[in-house]
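For reference, the structure discussed in these notes is given below.
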Amino acid sequence: MRESTKRAAHIARVLTRHGLAYLVDVTGLEHLVRGHAHEAPPGPEHLRRALEELGPTFVKLGQILSTRADLIPPAFEAELARLQDAAPPVPFPLIARSVATALGRPLEEAYARFDAQPLAAASIGQVHAATLPDGAEVAVKVRRPDIIDQVDEDLELLHRLARVAQRRWPLAQRYDPVGLAIEFETTLRGELDYEREGANADRIRAELDPDDSVHVPLVHWDHTTTEVLTLERIQGRKITDVEGLAADGVDRTRVARIFCEMYLKMVFVTGFFHADPHPGNVFVRADGTLGLVDYGMVGQVDDATRRALGAVLVALAVADADRLAGAMAELGVAPPGGDANALRDDLAEFMATYRHLTLEELQIRVILGDMLAVVRRHHLRLPHELALLLKTVTICEGVAQQLDPGFELLPLLIPYASMLQGPPEEATAEVPPPS
């Protein structure tokens with residue numbers, strides 16, 4: 001308990017120093033802070049810096065919040081998306097000991113070569129290049145030796161703070177901080193389990209098969225445990241290395257389409273998707289195929305959610321506010337009783353600005369951004385998996401447009417969405433055809 005109080009006091013001091021004393025008050029930590037709050041103006045940058053200073057659990061919390069455009073304004077969403085999941089590397093002797101303990105054999109027996117210098121060092125683990133005894137080139141992700149104790153302590157504190165906020169915060173009933181804390185714990189513990197990440201990769205590979213334009217790295221299960229993940233090493237250029245791809249003679253328009261089609265298939269066909277499509281996780285290989293890495297964060301949507309999401313997207317494409325409000329209600333995104341008309345009127349008002357545009361002129365990021373602004377104004381909350389899915393779709397469009405500034409996602413997306421609504425002649429009757 002003493003250590004927990006010490007950590008809580010540290011959290012209170014960091015938040016106060018960054019001008020975020022209101023968070024100290026709402027979570028009941030004000031008795032742990034002496035003196036007045038720092039005069040720095042609170043804002044998105046101060047929140048990001050505070051989370052970075054508080055360490056791995058809070059960096060992950062900020063990254064998860066950056067996917068919740070239904071809860072936070074765009075300025076905070078963009079700033080939290082900048083959170084760098086980086087940390088000083090763990091000394092190699094500790095890494096070697098961790099790997100040997102996890103695999104039950106000496107490092108030099110498990111691997112023919114194991115680079116002491118990591119390829120990347122993050123808050124939860126770090127990645128090393130290595131070679132297996134059979135000559136296979138691999139990337140080995142090793143969990144930080146002390147991370148579990150730190151995360152356990154922070155999660156226990158976050159649950160306590162959420163319960164206090166539930167009582168003190170006027171909007172607690174709408175945003176449910178206790179429920180958000182539970183969701184966050186589930187997500188973070190999933191990322192700490194490398195066997196789960198390996199299973200995610202295997203499932204996505206099986207479900208994308210036989211798509212030969214996408215390569216999911218093989219998991220070497222005889223060199224994988226909860227603490228250590230050994231994957232086939234993917235070589236290639238980062239997908240947004242536009243100059244490098246041009247120098248290689250790569251057709252960037254084709255790459256953009258393959259990238260988005262891959263995600264549309266995961267979302268609308270299989271319902272299980274890689275949920276971290278930032279450019280550092282997607283490589284263009286020498287043969288023009290895409291290599292997808294890092295399966296710690298995934299999303300899953302059931303058939304009912306996919307159908308309702310499809311209805312949302314079709315309603316947006318045809319600017320039908322009644323249809324959109326109904327589809328949102330199916331997703332569980334509906335205001336209490338008498339506010340339904342006000343929600344529908346707000347949806348109609350924002351969609352009126354798109355009625356004169358063709359399908360090719362509509363940008364999904366802009367449309368969803370406007371829709372989520374209405375969601376925030378009415379203090380509604382999306383289901384976690386849906387929020388993650390919408391964030392994934394908007395990131396995909398942004399990456400594709402870096403490759404091809406004229407890329408249009410909605411014409412690709414609508415056929416998938418319409419497919420879930422019923423027979424083709426019924427589902428697509430009102431969708432404007434590409435011009």
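To be explicit about the labels: the chains of the structure tokens are called A, B, and onward in the order shown, and within each one the residues are counted from 1, while ligands get numbers from 1 in the order they are shown.
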Mind running region 135-199 of chain A against region 58-80 of chain A at 9 Å and telling me each contacting residue's nearest atom pair with the distance in Å (one decimal), counting only C-alpha atoms, chain and number ascending, as a tab-separated table?
```
residue	atom	partner	partner_atom	distance
A:Asp154	CA	A:Phe58	CA	8.3
A:Tyr175	CA	A:Leu71	CA	7.8
A:Phe184	CA	A:Leu61	CA	7.0
A:Thr187	CA	A:Ile64	CA	8.6
A:Leu188	CA	A:Lys60	CA	7.4
```
Item to complete: Fewer than 2 positions away in the same chain doesn't count, so skip those; otherwise give me all residues within 7 Å of region 329-334 of chain A, counting only C-alpha atoms, as a ChimeraX atom specification.
Response: /A:305,308,325-327,336,380-382
Picked from region 68-239 of chain A by DSSP as helix (DSSP H, G or I), as a short mmCIF file (atom, residue, chain, number, x, y, z; two decimals) with C-alpha atoms, in the first residue's frame:
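The resulting file, result33.cif, is reproduced below:
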```cif
data_model
loop_
_atom_site.label_atom_id
_atom_site.label_comp_id
_atom_site.auth_asym_id
_atom_site.auth_seq_id
_atom_site.Cartn_x
_atom_site.Cartn_y
_atom_site.Cartn_z
CA PRO A 74 -9.43 16.10 -32.68
CA ALA A 75 -6.60 18.20 -31.19
CA PHE A 76 -6.16 15.71 -28.33
CA GLU A 77 -6.56 12.74 -30.66
CA ALA A 78 -3.79 14.03 -32.94
CA GLU A 79 -1.45 14.89 -30.07
CA LEU A 80 -1.88 11.55 -28.30
CA PHE A 92 21.94 -7.28 -23.19
CA PRO A 93 22.91 -9.61 -20.28
CA LEU A 94 19.40 -9.18 -18.84
CA ILE A 95 17.83 -9.87 -22.25
CA ALA A 96 19.97 -12.99 -22.70
CA ARG A 97 18.94 -14.22 -19.25
CA SER A 98 15.25 -13.54 -19.94
CA VAL A 99 15.34 -15.42 -23.26
CA ALA A 100 17.19 -18.38 -21.76
CA THR A 101 14.76 -18.60 -18.84
CA ALA A 102 11.69 -18.30 -21.09
CA LEU A 103 12.90 -20.91 -23.61
CA LEU A 107 20.64 -18.30 -25.77
CA GLU A 108 23.52 -19.66 -27.87
CA GLU A 109 21.75 -23.01 -28.12
CA ALA A 110 18.40 -21.53 -29.16
CA ILE A 147 7.29 -4.71 -16.82
CA ILE A 148 4.60 -6.94 -15.29
CA ASP A 149 5.04 -5.65 -11.72
CA GLN A 150 4.96 -2.06 -12.94
CA VAL A 151 1.85 -2.60 -15.05
CA ASP A 152 0.06 -4.47 -12.24
CA GLU A 153 0.64 -1.57 -9.84
CA ASP A 154 -0.46 1.06 -12.36
CA LEU A 155 -3.58 -0.83 -13.42
CA GLU A 156 -4.68 -1.28 -9.81
CA LEU A 157 -4.26 2.48 -9.31
CA LEU A 158 -6.12 3.32 -12.53
CA HIS A 159 -9.09 1.21 -11.43
CA ARG A 160 -9.17 3.04 -8.09
CA LEU A 161 -8.95 6.45 -9.76
CA ALA A 162 -11.70 5.48 -12.21
CA ARG A 163 -14.03 4.53 -9.36
CA VAL A 164 -13.44 7.92 -7.71
CA ALA A 165 -14.01 9.73 -11.01
CA GLN A 166 -17.23 7.77 -11.48
CA ARG A 167 -18.55 9.42 -8.30
CA ARG A 168 -17.10 12.92 -8.79
CA ALA A 172 -19.32 9.79 -15.61
CA GLN A 173 -22.61 8.08 -16.44
CA ARG A 174 -22.12 8.90 -20.13
CA TYR A 175 -18.43 8.01 -20.40
CA PRO A 177 -14.55 5.61 -16.58
CA VAL A 178 -14.75 2.26 -14.75
CA GLY A 179 -15.75 0.51 -17.97
CA LEU A 180 -12.99 2.31 -19.87
CA ALA A 181 -10.42 1.18 -17.27
CA ILE A 182 -11.58 -2.43 -17.68
CA GLU A 183 -11.32 -2.16 -21.49
CA PHE A 184 -7.84 -0.68 -21.20
CA GLU A 185 -6.63 -3.45 -18.89
CA THR A 186 -7.89 -6.11 -21.30
CA THR A 187 -6.09 -4.45 -24.22
CA LEU A 188 -2.83 -3.91 -22.35
CA ARG A 189 -2.67 -7.42 -20.89
CA GLY A 190 -3.26 -8.77 -24.37
CA GLU A 191 -0.24 -6.85 -25.64
CA LEU A 192 1.88 -8.26 -22.81
CA TYR A 194 3.39 -12.74 -26.82
CA GLU A 195 1.77 -16.15 -27.28
CA ARG A 196 -1.48 -14.32 -27.90
CA GLU A 197 0.26 -12.06 -30.41
CA GLY A 198 1.64 -15.08 -32.23
CA ALA A 199 -1.83 -16.64 -32.35
CA ASN A 200 -3.19 -13.36 -33.79
CA ALA A 201 -0.61 -13.51 -36.58
CA ASP A 202 -1.46 -17.14 -37.35
CA ARG A 203 -5.18 -16.36 -37.51
CA ILE A 204 -4.78 -13.35 -39.79
CA ARG A 205 -2.43 -15.29 -42.08
CA ALA A 206 -4.97 -18.11 -42.37
CA GLU A 207 -7.86 -15.73 -43.03
CA LEU A 208 -5.99 -13.69 -45.66
CA TRP A 221 6.48 -21.56 -31.98
CA ASP A 222 9.40 -23.65 -30.70
CA HIS A 223 11.10 -20.31 -29.92
#
```
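Atom to atom, CA of Arg376 (chain A) and CA of Pro56 (chain A) stand 27.9 Å apart.
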Item to complete: For Leu15 (chain A), please output as JSON, numbers by chain all residues within 10 Å (counting only C-alpha atoms; exclusion window: fewer than 2 positions along the same chain).
Response: {"A": [9, 10, 11, 12, 13, 17, 18, 19, 20, 21, 22, 23, 24, 33, 37, 38, 42, 46, 47, 49, 50, 51, 53, 54]}
